[in-house]
Every structure is written in C-alpha cells, then in structure tokens.
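Engineer: Below is the file final_38.txt, with compact mmCIF, C-alpha atoms and all ligand atoms.
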# COMPACT_ATOMS: atom_id res chain seq x y z
CA MET A 1 113.75 70.75 106.72
CA ASN A 2 111.03 72.28 104.63
CA ILE A 3 107.53 71.30 105.76
CA PRO A 4 104.72 73.10 103.95
CA LEU A 5 101.33 73.53 105.61
CA LEU A 6 99.88 71.32 102.90
CA ASP A 7 101.60 69.22 100.22
CA LEU A 8 99.27 67.86 97.53
CA LYS A 9 102.08 66.54 95.35
CA GLN A 10 102.55 63.17 97.04
CA GLN A 11 98.84 62.37 97.05
CA ASN A 12 98.30 63.37 93.44
CA GLU A 13 101.45 61.66 92.17
CA SER A 14 100.50 58.36 93.81
CA LEU A 15 97.16 58.43 91.97
CA ARG A 16 98.41 59.84 88.67
CA PRO A 17 97.76 56.79 86.43
CA GLU A 18 94.22 56.35 87.78
CA ILE A 19 93.50 60.08 87.50
CA GLU A 20 94.75 60.20 83.93
CA ALA A 21 92.56 57.22 83.01
CA ALA A 22 89.55 58.87 84.64
CA LEU A 23 90.14 62.13 82.77
CA GLY A 24 90.43 60.10 79.57
CA ARG A 25 86.98 58.60 80.18
CA VAL A 26 85.50 62.11 80.33
CA LEU A 27 87.30 63.07 77.12
CA ASP A 28 85.89 59.97 75.44
CA THR A 29 82.31 60.81 76.38
CA ASN A 30 82.54 64.61 76.10
CA SER A 31 80.29 64.94 79.18
CA PHE A 32 81.91 68.07 80.54
CA ILE A 33 79.05 69.53 82.58
CA LEU A 34 77.49 67.16 85.16
CA GLY A 35 77.16 63.89 83.19
CA GLY A 36 77.73 60.25 84.09
CA GLU A 37 80.83 60.59 86.25
CA VAL A 38 79.14 63.29 88.36
CA ALA A 39 75.94 61.23 88.69
CA GLU A 40 77.99 58.25 89.91
CA LEU A 41 79.95 60.44 92.29
CA GLU A 42 76.70 61.84 93.70
CA ARG A 43 75.50 58.32 94.50
CA GLU A 44 78.82 57.45 96.13
CA LEU A 45 78.82 60.65 98.19
CA ALA A 46 75.25 60.11 99.38
CA ASP A 47 76.31 56.68 100.50
CA TYR A 48 79.46 58.01 102.17
CA CYS A 49 77.59 60.71 104.10
CA GLY A 50 74.68 58.44 105.01
CA VAL A 51 72.02 60.53 103.25
CA LYS A 52 69.45 60.00 100.53
CA HIS A 53 70.69 62.70 98.14
CA ALA A 54 74.00 64.33 97.26
CA ILE A 55 73.93 67.08 94.63
CA GLY A 56 77.09 68.44 93.01
CA CYS A 57 77.63 72.13 92.36
CA ALA A 58 80.40 74.53 91.40
CA SER A 59 81.89 75.29 94.85
CA GLY A 60 81.33 75.11 98.58
CA SER A 61 80.40 78.78 98.51
CA ASP A 62 77.66 78.05 95.97
CA ALA A 63 76.46 75.07 98.01
CA LEU A 64 75.81 77.47 100.91
CA LEU A 65 74.10 79.97 98.62
CA LEU A 66 71.90 77.30 97.00
CA ALA A 67 70.95 75.96 100.45
CA MET A 68 69.80 79.44 101.48
CA MET A 69 67.89 79.78 98.20
CA VAL A 70 65.99 76.54 98.83
CA PHE A 71 64.35 78.23 101.81
CA ASP A 72 63.66 81.45 99.86
CA ILE A 73 65.83 83.39 102.29
CA GLY A 74 66.00 87.07 101.38
CA SER A 75 65.48 90.62 102.47
CA GLY A 76 64.10 90.98 106.00
CA ASP A 77 65.16 87.47 107.01
CA GLU A 78 67.74 86.57 109.63
CA VAL A 79 70.14 83.63 109.69
CA ILE A 80 71.95 82.77 112.92
CA THR A 81 75.57 81.78 112.41
CA THR A 82 79.14 82.04 113.70
CA PRO A 83 81.53 84.91 112.98
CA TYR A 84 84.56 82.63 113.21
CA SER A 85 84.62 80.92 109.84
CA PHE A 86 85.54 81.34 106.20
CA PHE A 87 83.98 84.35 104.47
CA ALA A 88 81.52 82.32 102.34
CA THR A 89 79.60 81.23 105.44
CA VAL A 90 78.28 84.75 105.80
CA SER A 91 78.39 86.06 102.22
CA ALA A 92 75.83 83.35 101.31
CA ILE A 93 73.42 85.14 103.67
CA THR A 94 74.16 88.75 102.73
CA ARG A 95 74.19 88.07 98.95
CA LEU A 96 70.50 87.24 99.23
CA GLY A 97 69.81 90.43 101.15
CA ALA A 98 69.30 88.63 104.46
CA THR A 99 70.95 89.56 107.75
CA PRO A 100 73.48 87.37 109.56
CA VAL A 101 72.92 87.28 113.33
CA PHE A 102 76.18 86.30 114.99
CA VAL A 103 76.50 84.01 117.98
CA ASP A 104 79.94 83.73 119.57
CA ILE A 105 81.97 80.52 119.61
CA ASP A 106 82.76 77.99 122.29
CA PRO A 107 86.47 78.69 122.99
CA GLU A 108 87.23 74.95 123.35
CA THR A 109 85.95 73.77 119.96
CA TYR A 110 85.81 77.09 118.06
CA ASN A 111 82.30 76.10 116.92
CA ILE A 112 79.11 78.09 117.52
CA ASP A 113 78.18 78.22 121.22
CA VAL A 114 74.82 76.47 121.08
CA ASP A 115 73.85 77.75 124.55
CA GLN A 116 73.72 81.29 123.18
CA ILE A 117 71.50 80.54 120.17
CA GLU A 118 68.02 80.55 121.68
CA ALA A 119 68.34 84.14 122.90
CA LYS A 120 68.95 85.24 119.30
CA ILE A 121 65.91 83.57 117.71
CA THR A 122 63.23 86.01 116.51
CA ASP A 123 60.22 85.60 114.22
CA ARG A 124 62.49 86.66 111.37
CA THR A 125 64.93 83.76 111.94
CA LYS A 126 64.74 81.65 108.76
CA ALA A 127 67.66 79.29 109.29
CA ILE A 128 70.47 78.41 111.64
CA GLN A 129 73.85 77.70 110.07
CA PRO A 130 76.51 76.04 112.23
CA VAL A 131 80.00 75.46 110.82
CA HIS A 132 81.94 72.28 111.60
CA LEU A 133 85.19 74.15 111.91
CA TYR A 134 88.54 72.46 111.25
CA GLY A 135 86.76 69.10 110.74
CA GLN A 136 84.88 68.69 114.03
CA CYS A 137 81.08 68.82 114.28
CA ALA A 138 79.34 71.61 116.12
CA ASP A 139 77.08 70.32 118.92
CA MET A 140 74.31 69.15 116.56
CA ALA A 141 72.31 67.18 119.13
CA ALA A 142 71.86 70.26 121.31
CA LEU A 143 71.33 72.51 118.30
CA ASN A 144 68.67 70.28 116.76
CA ALA A 145 66.83 70.07 120.08
CA ILE A 146 66.45 73.86 119.96
CA THR A 147 65.58 74.22 116.28
CA GLU A 148 62.98 71.45 116.37
CA LYS A 149 61.15 73.38 119.08
CA TYR A 150 60.96 76.42 116.80
CA GLY A 151 60.64 74.62 113.46
CA ILE A 152 63.66 76.42 112.00
CA PRO A 153 65.72 74.60 109.35
CA VAL A 154 69.42 74.00 109.94
CA ILE A 155 72.01 74.35 107.17
CA GLU A 156 75.34 72.72 108.01
CA ASP A 157 78.47 74.38 106.66
CA ALA A 158 80.37 71.10 106.48
CA ALA A 159 82.94 72.39 103.97
CA GLN A 160 85.80 71.30 106.27
CA ALA A 161 84.11 68.22 107.69
CA ILE A 162 83.43 65.49 105.13
CA GLY A 163 83.25 62.22 107.08
CA ALA A 164 83.21 63.90 110.51
CA GLU A 165 80.75 62.24 112.92
CA GLU A 166 78.68 62.97 115.98
CA ASN A 167 77.40 59.86 117.74
CA GLY A 168 77.75 57.82 114.55
CA ARG A 169 75.98 60.31 112.29
CA ARG A 170 77.99 61.99 109.61
CA ALA A 171 78.32 65.68 108.85
CA GLY A 172 75.64 66.63 106.34
CA ALA A 173 73.21 64.02 107.67
CA MET A 174 72.13 65.99 110.74
CA SER A 175 70.21 68.88 109.19
CA ALA A 176 67.96 69.96 106.33
CA VAL A 177 70.90 70.62 104.00
CA GLY A 178 74.63 69.92 104.37
CA CYS A 179 77.11 71.95 102.32
CA PHE A 180 80.54 70.68 101.26
CA SER A 181 83.54 71.92 99.29
CA PHE A 182 86.05 70.18 97.03
CA TYR A 183 88.52 73.06 97.26
CA PRO A 184 91.95 71.39 96.94
CA SER A 185 92.87 71.94 100.61
CA LYS A 186 89.84 70.05 101.96
CA ASN A 187 90.21 66.40 102.99
CA LEU A 188 88.56 65.42 99.68
CA GLY A 189 90.00 67.99 97.30
CA GLY A 190 89.39 68.25 93.58
CA MET A 191 91.65 69.71 90.91
CA GLY A 192 89.77 72.97 90.77
CA ASP A 193 86.62 74.34 92.37
CA GLY A 194 83.67 72.14 93.25
CA GLY A 195 81.17 71.37 95.98
CA PHE A 196 78.02 69.46 96.85
CA MET A 197 74.95 69.49 99.04
CA THR A 198 73.30 66.69 101.00
CA THR A 199 69.71 66.18 102.10
CA ASN A 200 67.28 63.46 103.10
CA ASP A 201 64.29 65.43 101.82
CA ASP A 202 63.09 64.59 98.28
CA ASP A 203 61.50 68.01 97.69
CA ILE A 204 64.61 69.88 98.83
CA ALA A 205 66.75 67.65 96.60
CA ASP A 206 64.48 68.32 93.64
CA LYS A 207 64.68 72.06 94.19
CA LEU A 208 68.47 72.04 94.67
CA ARG A 209 68.88 70.10 91.41
CA ALA A 210 66.79 72.73 89.65
CA LEU A 211 68.44 75.72 91.34
CA ARG A 212 71.91 74.68 90.12
CA VAL A 213 70.67 74.85 86.50
CA HIS A 214 69.01 78.28 86.54
CA GLY A 215 65.97 77.04 88.43
CA SER A 216 64.75 74.75 85.66
CA ARG A 217 63.64 71.15 85.96
CA GLU A 218 62.98 71.00 82.27
CA ARG A 219 65.28 72.91 79.94
CA TYR A 220 64.02 76.43 79.13
CA TYR A 221 61.16 76.24 81.66
CA HIS A 222 62.12 78.15 84.80
CA LYS A 223 60.22 77.63 88.02
CA TRP A 224 62.76 79.61 90.08
CA VAL A 225 65.62 82.02 89.44
CA GLY A 226 68.61 79.82 90.14
CA LEU A 227 72.32 79.88 89.40
CA ASN A 228 74.65 78.31 86.89
CA SER A 229 76.44 76.16 89.45
CA ARG A 230 77.37 72.69 88.28
CA LEU A 231 80.15 70.26 89.01
CA ASP A 232 82.07 69.44 85.87
CA GLY A 233 82.81 66.01 84.47
CA PHE A 234 86.58 66.23 85.00
CA GLN A 235 86.14 67.03 88.69
CA GLY A 236 83.60 64.22 89.05
CA ALA A 237 86.02 61.73 87.51
CA VAL A 238 88.99 62.83 89.67
CA LEU A 239 86.94 62.83 92.85
CA ARG A 240 85.71 59.29 92.15
CA VAL A 241 89.34 58.17 92.11
CA LYS A 242 90.01 59.94 95.41
CA LEU A 243 86.85 59.13 97.41
CA PRO A 244 87.81 55.48 98.18
CA HIS A 245 90.99 56.81 99.89
CA LEU A 246 89.26 59.50 101.93
CA ASP A 247 88.80 57.54 105.15
CA SER A 248 92.39 56.34 105.23
CA TRP A 249 93.61 59.92 104.63
CA SER A 250 91.40 61.27 107.42
CA ASP A 251 92.58 58.47 109.73
CA LYS A 252 96.19 59.44 109.00
CA ARG A 253 95.42 63.05 109.85
CA LYS A 254 93.96 61.85 113.14
CA ALA A 255 97.08 59.71 113.80
CA ASN A 256 99.23 62.79 113.12
CA ALA A 257 97.13 64.75 115.61
CA ASP A 258 97.67 62.00 118.19
CA LEU A 259 101.41 62.14 117.56
CA TYR A 260 101.44 65.93 118.05
CA ARG A 261 99.65 65.40 121.39
CA GLU A 262 102.15 62.76 122.47
CA LEU A 263 105.14 64.91 121.54
CA PHE A 264 103.75 68.14 123.00
CA ALA A 265 102.99 66.29 126.25
CA LYS A 266 106.75 65.75 126.66
CA THR A 267 107.60 69.44 126.27
CA ALA A 268 105.99 71.06 129.33
CA LEU A 269 104.43 73.68 127.07
CA SER A 270 100.89 73.03 128.22
CA GLU A 271 100.48 76.67 129.27
CA GLN A 272 101.99 78.08 126.11
CA ILE A 273 100.31 75.83 123.52
CA VAL A 274 96.64 74.88 123.83
CA LEU A 275 95.99 71.81 121.68
CA PRO A 276 92.68 71.22 119.85
CA SER A 277 89.99 69.55 121.94
CA GLU A 278 88.09 66.50 120.69
CA ARG A 279 84.43 66.18 121.63
CA THR A 280 83.60 62.77 123.08
CA GLY A 281 81.57 60.48 120.82
CA CYS A 282 82.72 62.40 117.77
CA ARG A 283 85.03 61.77 114.85
CA HIS A 284 87.30 64.74 114.12
CA ILE A 285 88.72 64.58 110.58
CA TYR A 286 91.41 67.23 111.20
CA ASN A 287 91.08 69.28 108.07
CA GLN A 288 93.21 71.62 110.15
CA PHE A 289 95.23 71.07 113.32
CA VAL A 290 94.84 74.40 115.06
CA VAL A 291 96.62 75.29 118.28
CA ARG A 292 96.15 78.34 120.43
CA ILE A 293 99.25 80.34 121.37
CA PRO A 294 98.38 83.24 123.68
CA GLU A 295 100.44 86.45 123.49
CA VAL A 296 103.19 85.28 121.11
CA ARG A 297 101.34 83.60 118.23
CA ASP A 298 102.78 85.90 115.57
CA SER A 299 106.37 85.60 116.74
CA VAL A 300 106.09 81.80 116.98
CA ARG A 301 104.75 81.85 113.45
CA ALA A 302 107.65 83.99 112.21
CA PHE A 303 110.11 81.65 113.95
CA LEU A 304 108.51 78.61 112.29
CA THR A 305 108.65 80.29 108.89
CA GLU A 306 112.39 80.82 109.40
CA ARG A 307 112.75 77.15 110.28
CA GLY A 308 110.93 76.10 107.08
CA VAL A 309 107.61 75.14 108.69
CA GLY A 310 104.47 76.36 106.91
CA THR A 311 101.58 77.61 109.06
CA ASP A 312 98.47 79.70 108.55
CA ILE A 313 95.87 81.59 110.52
CA TYR A 314 92.22 80.53 110.19
CA TYR A 315 91.02 83.25 110.54
CA PRO A 316 92.81 86.51 111.37
CA VAL A 317 89.71 88.75 111.26
CA PRO A 318 86.35 87.49 112.52
CA LEU A 319 83.55 88.09 110.06
CA HIS A 320 81.63 90.65 112.15
CA LEU A 321 84.66 92.94 111.90
CA GLN A 322 85.24 92.60 108.14
CA GLU A 323 85.08 95.91 106.32
CA CYS A 324 82.23 94.79 104.05
CA PHE A 325 80.08 93.82 107.07
CA LEU A 326 80.62 96.95 109.17
CA TYR A 327 77.15 98.12 108.10
CA LEU A 328 75.76 95.38 110.34
CA GLY A 329 76.85 97.52 113.29
CA TYR A 330 79.10 95.16 115.24
CA ALA A 331 82.12 96.57 117.08
CA PRO A 332 85.28 95.07 118.60
CA GLY A 333 84.39 93.37 121.88
CA ASP A 334 80.92 92.24 120.74
CA LEU A 335 81.96 88.62 120.14
CA PRO A 336 84.96 88.29 122.43
CA GLU A 337 85.75 84.58 122.07
CA SER A 338 85.90 84.87 118.28
CA GLU A 339 88.15 87.90 118.55
CA ILE A 340 90.51 86.19 121.01
CA ALA A 341 90.64 83.08 118.80
CA ALA A 342 91.49 85.25 115.78
CA ALA A 343 94.46 86.64 117.72
CA GLU A 344 95.71 83.33 119.11
CA THR A 345 95.11 80.44 116.69
CA LEU A 346 97.72 78.90 114.41
CA ALA A 347 97.30 75.97 112.01
CA LEU A 348 100.22 73.51 111.90
CA PRO A 349 100.91 70.99 109.10
CA ILE A 350 98.63 67.92 109.49
CA TYR A 351 98.31 66.45 105.97
CA PRO A 352 98.27 62.62 105.76
CA GLU A 353 101.67 62.11 104.11
CA LEU A 354 103.64 63.82 106.93
CA CYS A 355 106.16 61.51 108.54
CA HIS A 356 107.12 61.10 112.19
CA GLU A 357 110.36 63.10 111.85
CA GLU A 358 108.56 66.03 110.28
CA ILE A 359 106.02 66.29 113.09
CA GLU A 360 108.85 65.95 115.60
CA TYR A 361 110.66 68.80 113.86
CA VAL A 362 107.60 71.07 114.15
CA VAL A 363 107.25 70.34 117.88
CA THR A 364 110.99 70.72 118.51
CA SER A 365 111.02 74.03 116.66
CA ILE A 366 108.19 75.38 118.81
CA SER A 367 109.98 74.20 121.97
CA GLU A 368 113.14 75.94 120.82
CA TYR A 369 111.24 79.17 120.35
CA PHE A 370 110.13 79.11 123.98
CA GLU A 371 113.55 78.01 125.27
CA GLN A 372 115.16 80.93 123.46
CA THR A 373 112.72 83.49 124.77
CA VAL A 374 113.13 82.18 128.33
CA LEU A 375 116.90 82.40 127.96
CA GLU A 376 116.68 85.92 126.54
CA SER A 377 114.48 87.19 129.35
CA ALA A 378 116.76 85.54 131.94
CA SER A 379 119.95 87.07 130.57
CA PRO A 380 121.02 90.39 132.14
CA LYS A 381 120.29 93.40 129.98
CA GLY A 382 122.17 96.59 129.51
C1 LIG A 401 86.22 76.07 102.06
C2 LIG A 401 85.07 76.62 102.82
C3 LIG A 401 83.94 77.17 102.20
C4 LIG A 401 83.88 77.49 100.74
O1 LIG A 401 84.17 76.50 99.86
P1 LIG A 401 84.69 76.85 98.36
O2 LIG A 401 84.60 75.54 97.67
O3 LIG A 401 86.09 77.36 98.51
O4 LIG A 401 83.78 77.86 97.79
C5 LIG A 401 82.87 77.53 102.98
N1 LIG A 401 82.90 77.40 104.32
C6 LIG A 401 83.98 76.90 104.96
C7 LIG A 401 83.94 76.75 106.44
C8 LIG A 401 85.10 76.52 104.24
O5 LIG A 401 86.18 76.04 104.88
Could you render the structure from this file as structure tokens?
Ligand SMILES: *Cc1c(COP(=O)(O)O)cnc(C)c1O
Structural biologist:
Amino acid sequence: MNIPLLDLKQQNESLRPEIEAALGRVLDTNSFILGGEVAELERELADYCGVKHAIGCASGSDALLLAMMVFDIGSGDEVITTPYSFFATVSAITRLGATPVFVDIDPETYNIDVDQIEAKITDRTKAIQPVHLYGQCADMAALNAITEKYGIPVIEDAAQAIGAEENGRRAGAMSAVGCFSFYPSKNLGGMGDGGFMTTNDDDIADKLRALRVHGSRERYYHKWVGLNSRLDGFQGAVLRVKLPHLDSWSDKRKANADLYRELFAKTALSEQIVLPSERTGCRHIYNQFVVRIPEVRDSVRAFLTERGVGTDIYYPVPLHLQECFLYLGYAPGDLPESEIAAAETLALPIYPELCHEEIEYVVTSISEYFEQTVLESASPKG
C-alpha cells in the first residue's frame, strides 16, 4: 500500500466541475484582488466561526502579523506564546521588534500550559497568543479568566483549528482576534496561499481591513503603515466551493481518529504509542493526528516510510531553540515539555478520504515494528 500523509487529489477531483465554474466567474468579472467572491466568502466565514467580522488576507502568517499590528505591538513589548508551534507564530512577534516570552506546553494537549502564564505577565506584556495545535483549542476559558483580570488582549493562532470548539464556541470567537490559514494542508485549504482574521470588535475590524491595504481606508490616504496582504479572487471563489463541505470533512477526520483509537486499543501498545487526548466539552477537528512514541519515534518513522506510509514531525525543533531566535537567550532544558514533544511526536495520515483498510494498515505496520524489535531483542546474539 501507499498511504501519503495527505492526499488532496480525491477532494479536488470530486469538486473539479464546481471549482472550474467558480474560477470562470472570477475570470468573467476580472476581480482578481479581493472583490465580490472574497466579500461573500468573508460573510460566510464570519457566520461559520460565529463572529461579527471575517477579513481575508494573503496567508495565515500575515493574519498573525496583522493581528499584532492592530495592537501597535513593537519594540520593547512582550507577547506570551508557546514554543511548540509553526514558525510564523513567533516570527509575527519578532518581525515587529517585540519579544516572545515562551510558556511551556501541557504534555497532554501540546497546547500552552495556561497555569504557567500568570507568572510571565509583566507591564510590558501586550498580548497573549495561544495556538490551537493540531485542531484542538487551548484552554480558552482559563486563559480568558487570566487575561481579563489584566486587560491584555488575546490573539488566537487558529491556523490549524477552523471549526474547533470549546463549550460550543468556535475557534476565533474566543479572543480579540482569531487568525486562520488556507494553506492547502489545513482542513479548509485553498489552491495557493491565503488566510483570514476574525473579530467581534468593529474598530479592530476596521483597522484590520485598512492594514491589509497599506493602512488606508481611502485609497492614497494612509492612516497607518500596513501591508499588501489581500486574499485574491480565485482563492475566494475556490474556498466558497469548499466551505460547505468543511464540517463533513472534519467529521470524517474525527471518525478516522476514533477508528485509530479502536484499532490501537486491540494492539496492547498503550505504553509504546500515546494517542492524542481530547479535552471534554471540545470539538477537535484533527488537522493532524499526532501520536507520541517515546525512545523509538525515528525508527518507527523509518519503518513506516519503508512500508509506504507517509508521516511527518510537527515540529522537530521547538521555536526557542531555532537558530534565528538564539539571541533570545533560551537554552536546551528551559522548556522541557516542548523539547520532549519535539523528540517524540509523529503525525499519522488522518485526511477525510482515508478508508478503513488504510488506517488498519498503518496500525498493523506499527504493531509489526514493535513485534520485530521484541523478537530481535529476544533472539540470542553472538
Ligand atoms: C499553517 C500555520 C500558520 C501559517 O499559515 P500560512 O498560511 O502557511 O502562512 C501559522 N500558525 C500555525 C499554527 C500554522 O499551522
């Protein structure tokens, strides 16, 4: 068998006629930058996320940067965040000259450990930025209880979590600004780069809309120094075809996760493979299905590659140890849970179109790895 980590072909092929018609509509109107399709998509996304405003932009990375810019974050300011995420979470802070202050993760959920946040708040703290990693919300109720006390805005990095919920509230609706990505591997993926931001605040929405067009509300009159960061018409049109399917795709990912649990439960590998935990009262959208494999992660991965199973590591180097952030002064051992996770986590295929046999094959292959190593260590050497 050959099971890639992600296969976009089936999804895109099944929608090809609708996608081609949507692209044709953009060609007919020549609205290539923002335009009618993007405006419609923004309304649909606001509705989907349960917020007043959704604002398209050029990528998830830009969404994070624009969110920081709304609060005039810059030199001398601190933003509390997690070191166990995609690079853009932290580059959005450092690009503006501000300093990321890292808080370690909860080893169960891989999200920021909210209990450790308060100790890191100073009078320079300008924002707190949790990440809803792999498609599961950070503990927003507890986080918001802290930030409300201090009056510090929260920016959600919800790039992996469109449609994820905590107690019935959706990702992006639980903070000042939510930031999302349409990178093709996300649950709602475009055919190129794209992203959007959410907010319930009219003034923040107004400023975000200006910041994505060089800080101008009216053309050639610049209130702020913004970016050129717009969603294009082709992406808007494609995403409008895909959005109505998003919930069924995320539900299929969840069903695949349940099947993995059922099959792993029959293998007696509970010590060797730690499955992802699901917070109660929350909807996990499984952008990734990430297991923890202590000690032998890399050799299991090599074995799976040989057997035709695609995997990946999100993320092999925590951000506080990246070469470009060494100036911040962190050293190995400073954020131990993030460092252990970086050494032990492995993402398995979870995309919606996977069939029962394919998931079975992944689980069987992992079992075989452990059977072989047990046999090898039991056989007499020499
Ligand atoms: C994908 C992702 C981003 C960046 O999104 P792009 O659209 O690729 O720029 C930011 N943060 C996290 C957690 C992501 O997974």
Engineer: If we count only C-alpha atoms and set the cut-off at 8 Å, which residues sit around segment 173-178 of chain A, ignoring sequence neighbours fewer than 4 positions away in its own chain? Please answer as an MDAnalysis selection string.
Structural biologist: chainID A and resid 49:51 67 140 144 153:158 169 197:201
Engineer: Once you have the residues from the selection above, write them out as a PDB file, in the coordinates of the input, restricted to C-alpha atoms.
Structural biologist:
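part-v1.pdb written:
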ATOM      1  CA  CYS A  49      77.590  60.710 104.100  1.00  0.00           C
ATOM      2  CA  GLY A  50      74.680  58.440 105.010  1.00  0.00           C
ATOM      3  CA  VAL A  51      72.020  60.530 103.250  1.00  0.00           C
ATOM      4  CA  ALA A  67      70.950  75.960 100.450  1.00  0.00           C
ATOM      5  CA  MET A 140      74.310  69.150 116.560  1.00  0.00           C
ATOM      6  CA  ASN A 144      68.670  70.280 116.760  1.00  0.00           C
ATOM      7  CA  PRO A 153      65.720  74.600 109.350  1.00  0.00           C
ATOM      8  CA  VAL A 154      69.420  74.000 109.940  1.00  0.00           C
ATOM      9  CA  ILE A 155      72.010  74.350 107.170  1.00  0.00           C
ATOM     10  CA  GLU A 156      75.340  72.720 108.010  1.00  0.00           C
ATOM     11  CA  ASP A 157      78.470  74.380 106.660  1.00  0.00           C
ATOM     12  CA  ALA A 158      80.370  71.100 106.480  1.00  0.00           C
ATOM     13  CA  ARG A 169      75.980  60.310 112.290  1.00  0.00           C
ATOM     14  CA  MET A 197      74.950  69.490  99.040  1.00  0.00           C
ATOM     15  CA  THR A 198      73.300  66.690 101.000  1.00  0.00           C
ATOM     16  CA  THR A 199      69.710  66.180 102.100  1.00  0.00           C
ATOM     17  CA  ASN A 200      67.280  63.460 103.100  1.00  0.00           C
ATOM     18  CA  ASP A 201      64.290  65.430 101.820  1.00  0.00           C
TER      19      ASP A 201
END
Engineer: For ligand LIG 401 (chain A), return the neighbouring residues as number ranges by chain (distance at most 10 Å; only C-alpha atoms and all ligand atoms).
Structural biologist: A: 57-65, 84-92, 130-135, 156-161, 179-186, 189-190, 192-196, 287-288, 314
Engineer: Report the distance between atom CA of Asp334 of chain A and atom CA of Glu108 of chain A in Å, rounded to one decimal place.
Structural biologist: 18.6 Å
Engineer: Quick one: distance from atom CA of Glu353 of chain A to atom CA of Asp7 of chain A in Å, one decimal?
Structural biologist: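 Between atom CA of Glu353 of chain A and atom CA of Asp7 of chain A the gap is 8.1 Å.
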Engineer: Interatomic distance between atom CA of Gly329 of chain A and atom CA of Val70 of chain A?
Structural biologist: 27.7 Å
Engineer: Give the answer as one residue: which of A:Arg95, A:Arg279, A:Arg124, A:Lys52 has the shortest atom-to-atom distance to Asp77 of chain A, using all atoms listed in the file?
Structural biologist: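 Comparing A:Arg95, A:Arg279, A:Arg124, A:Lys52 against Asp77 of chain A, the winner is A:Arg124.
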Engineer: Would you pick out the contacts of Gly74 of chain A at 12 Å or less, using only C-alpha atoms, so that residues sharing its chain but fewer than 2 positions from it are not included, and give the list as JSON, numbers by chain?
Structural biologist: {"A": [65, 68, 69, 70, 71, 72, 76, 77, 78, 79, 92, 93, 94, 95, 96, 97, 98, 99, 100, 124, 125, 126, 127]}
Engineer: Just want the 8 Å neighbourhood of Pro4 of chain A, counted on only C-alpha atoms, with same-chain residues fewer than 6 positions away dropped. Output as a tab-separated table (two decimals) with C-alpha atoms, in the coordinates of the input.
Structural biologist:
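Contents of the output file around_2.tsv:
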chain	number	residue	atom	x	y	z
A	308	GLY	CA	110.93	76.10	107.08
A	309	VAL	CA	107.61	75.14	108.69
A	310	GLY	CA	104.47	76.36	106.91
A	311	THR	CA	101.58	77.61	109.06
A	349	PRO	CA	100.91	70.99	109.10
Engineer: Taking into account all atoms listed in the file, which residue in the set A:Ala268, A:Ile293, A:Leu243, A:Leu263 is nearest to Glu357 of chain A?
Structural biologist: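 Checking each candidate against Glu357 of chain A, we get A:Leu263 as the closest.
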Engineer: Go through A:Arg25, A:His53, A:Arg261, A:Lys9 one by one, measure the shortest atom-to-atom distance of each to Asp206 of chain A using all atoms listed in the file, and give the residue with the smallest value.
Structural biologist: A:His53
Engineer: Find the spatial neighbours of Leu348 of chain A, counting only C-alpha atoms, within a cut-off of 12 Å - ignore same-chain residues fewer than 6 positions away - and output them as a PyMOL selection string.
Structural biologist: chain A and resi 3-6+134+253+256-257+260+273+275-276+286-293+297+300-301+304-305+309-314+354+358-359+361-363+365-366
Engineer: When you look at His222 of chain A with a cut-off of 12 Å (counting all atoms listed in the file), what residues show up, excluding the ones that are within fewer than 3 positions of it in the same chain? I need them as a VMD selection string.
Structural biologist: chain A and resid 207 210 to 219 225 to 227
Engineer: Nearest to Glu262 of chain A: which of A:His356, A:Asp28, A:Ser248, A:Ala171 is it, counting all atoms listed in the file?
Structural biologist: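 Closest candidate: A:His356.
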Engineer: Let me have the centre and edge lengths of the axis-aligned box enclosing all listed atoms of segment 314-324 of chain A with 8 Å padding on every side, in Å to one decimal, as AutoDock Vina command-line options.
Structural biologist:
--center_x 87.2 --center_y 88.2 --center_z 108.3 --size_x 27.2 --size_y 31.4 --size_z 24.5
Engineer: Of the candidates A:Gln129, A:Ser270, A:Asn2, A:Ser14, which one gets nearest to Thr147 of chain A if we count only C-alpha atoms?
Structural biologist: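 Ranked by minimum distance to Thr147 of chain A, first place goes to A:Gln129.
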Engineer: How would segment 120-131 of chain A read, as a CSV table (one decimal), keeping the file's coordinate frame, once N, CA, C and O atoms are built in?
Structural biologist:
chain,number,residue,atom,x,y,z
A,120,LYS,N,68.9,84.5,120.5
A,120,LYS,CA,69.0,85.2,119.3
A,120,LYS,C,67.8,84.9,118.3
A,120,LYS,O,67.7,85.5,117.3
A,121,ILE,N,67.0,83.9,118.6
A,121,ILE,CA,65.9,83.6,117.7
A,121,ILE,C,64.8,84.6,117.8
A,121,ILE,O,64.4,85.0,118.9
A,122,THR,N,64.4,85.1,116.6
A,122,THR,CA,63.2,86.0,116.5
A,122,THR,C,62.2,85.4,115.5
A,122,THR,O,62.5,84.4,114.9
A,123,ASP,N,61.1,86.1,115.2
A,123,ASP,CA,60.2,85.6,114.2
A,123,ASP,C,60.7,85.8,112.8
A,123,ASP,O,60.1,85.4,111.8
A,124,ARG,N,61.9,86.5,112.7
A,124,ARG,CA,62.5,86.7,111.4
A,124,ARG,C,63.6,85.6,111.1
A,124,ARG,O,64.1,85.5,110.0
A,125,THR,N,63.9,84.8,112.1
A,125,THR,CA,64.9,83.8,111.9
A,125,THR,C,64.5,82.7,110.9
A,125,THR,O,63.5,82.0,111.2
A,126,LYS,N,65.2,82.6,109.8
A,126,LYS,CA,64.7,81.6,108.8
A,126,LYS,C,65.6,80.4,108.7
A,126,LYS,O,65.2,79.4,108.1
A,127,ALA,N,66.8,80.5,109.3
A,127,ALA,CA,67.7,79.3,109.3
A,127,ALA,C,68.7,79.5,110.3
A,127,ALA,O,69.0,80.6,110.8
A,128,ILE,N,69.3,78.4,110.8
A,128,ILE,CA,70.5,78.4,111.6
A,128,ILE,C,71.6,77.6,110.9
A,128,ILE,O,71.3,76.5,110.4
A,129,GLN,N,72.8,78.3,110.9
A,129,GLN,CA,73.8,77.7,110.1
A,129,GLN,C,75.1,77.5,110.9
A,129,GLN,O,75.9,78.4,111.1
A,130,PRO,N,75.3,76.3,111.5
A,130,PRO,CA,76.5,76.0,112.2
A,130,PRO,C,77.6,75.7,111.2
A,130,PRO,O,77.3,75.3,110.1
A,131,VAL,N,78.9,75.9,111.6
A,131,VAL,CA,80.0,75.5,110.8
A,131,VAL,C,80.8,74.4,111.6
A,131,VAL,O,81.0,74.5,112.8
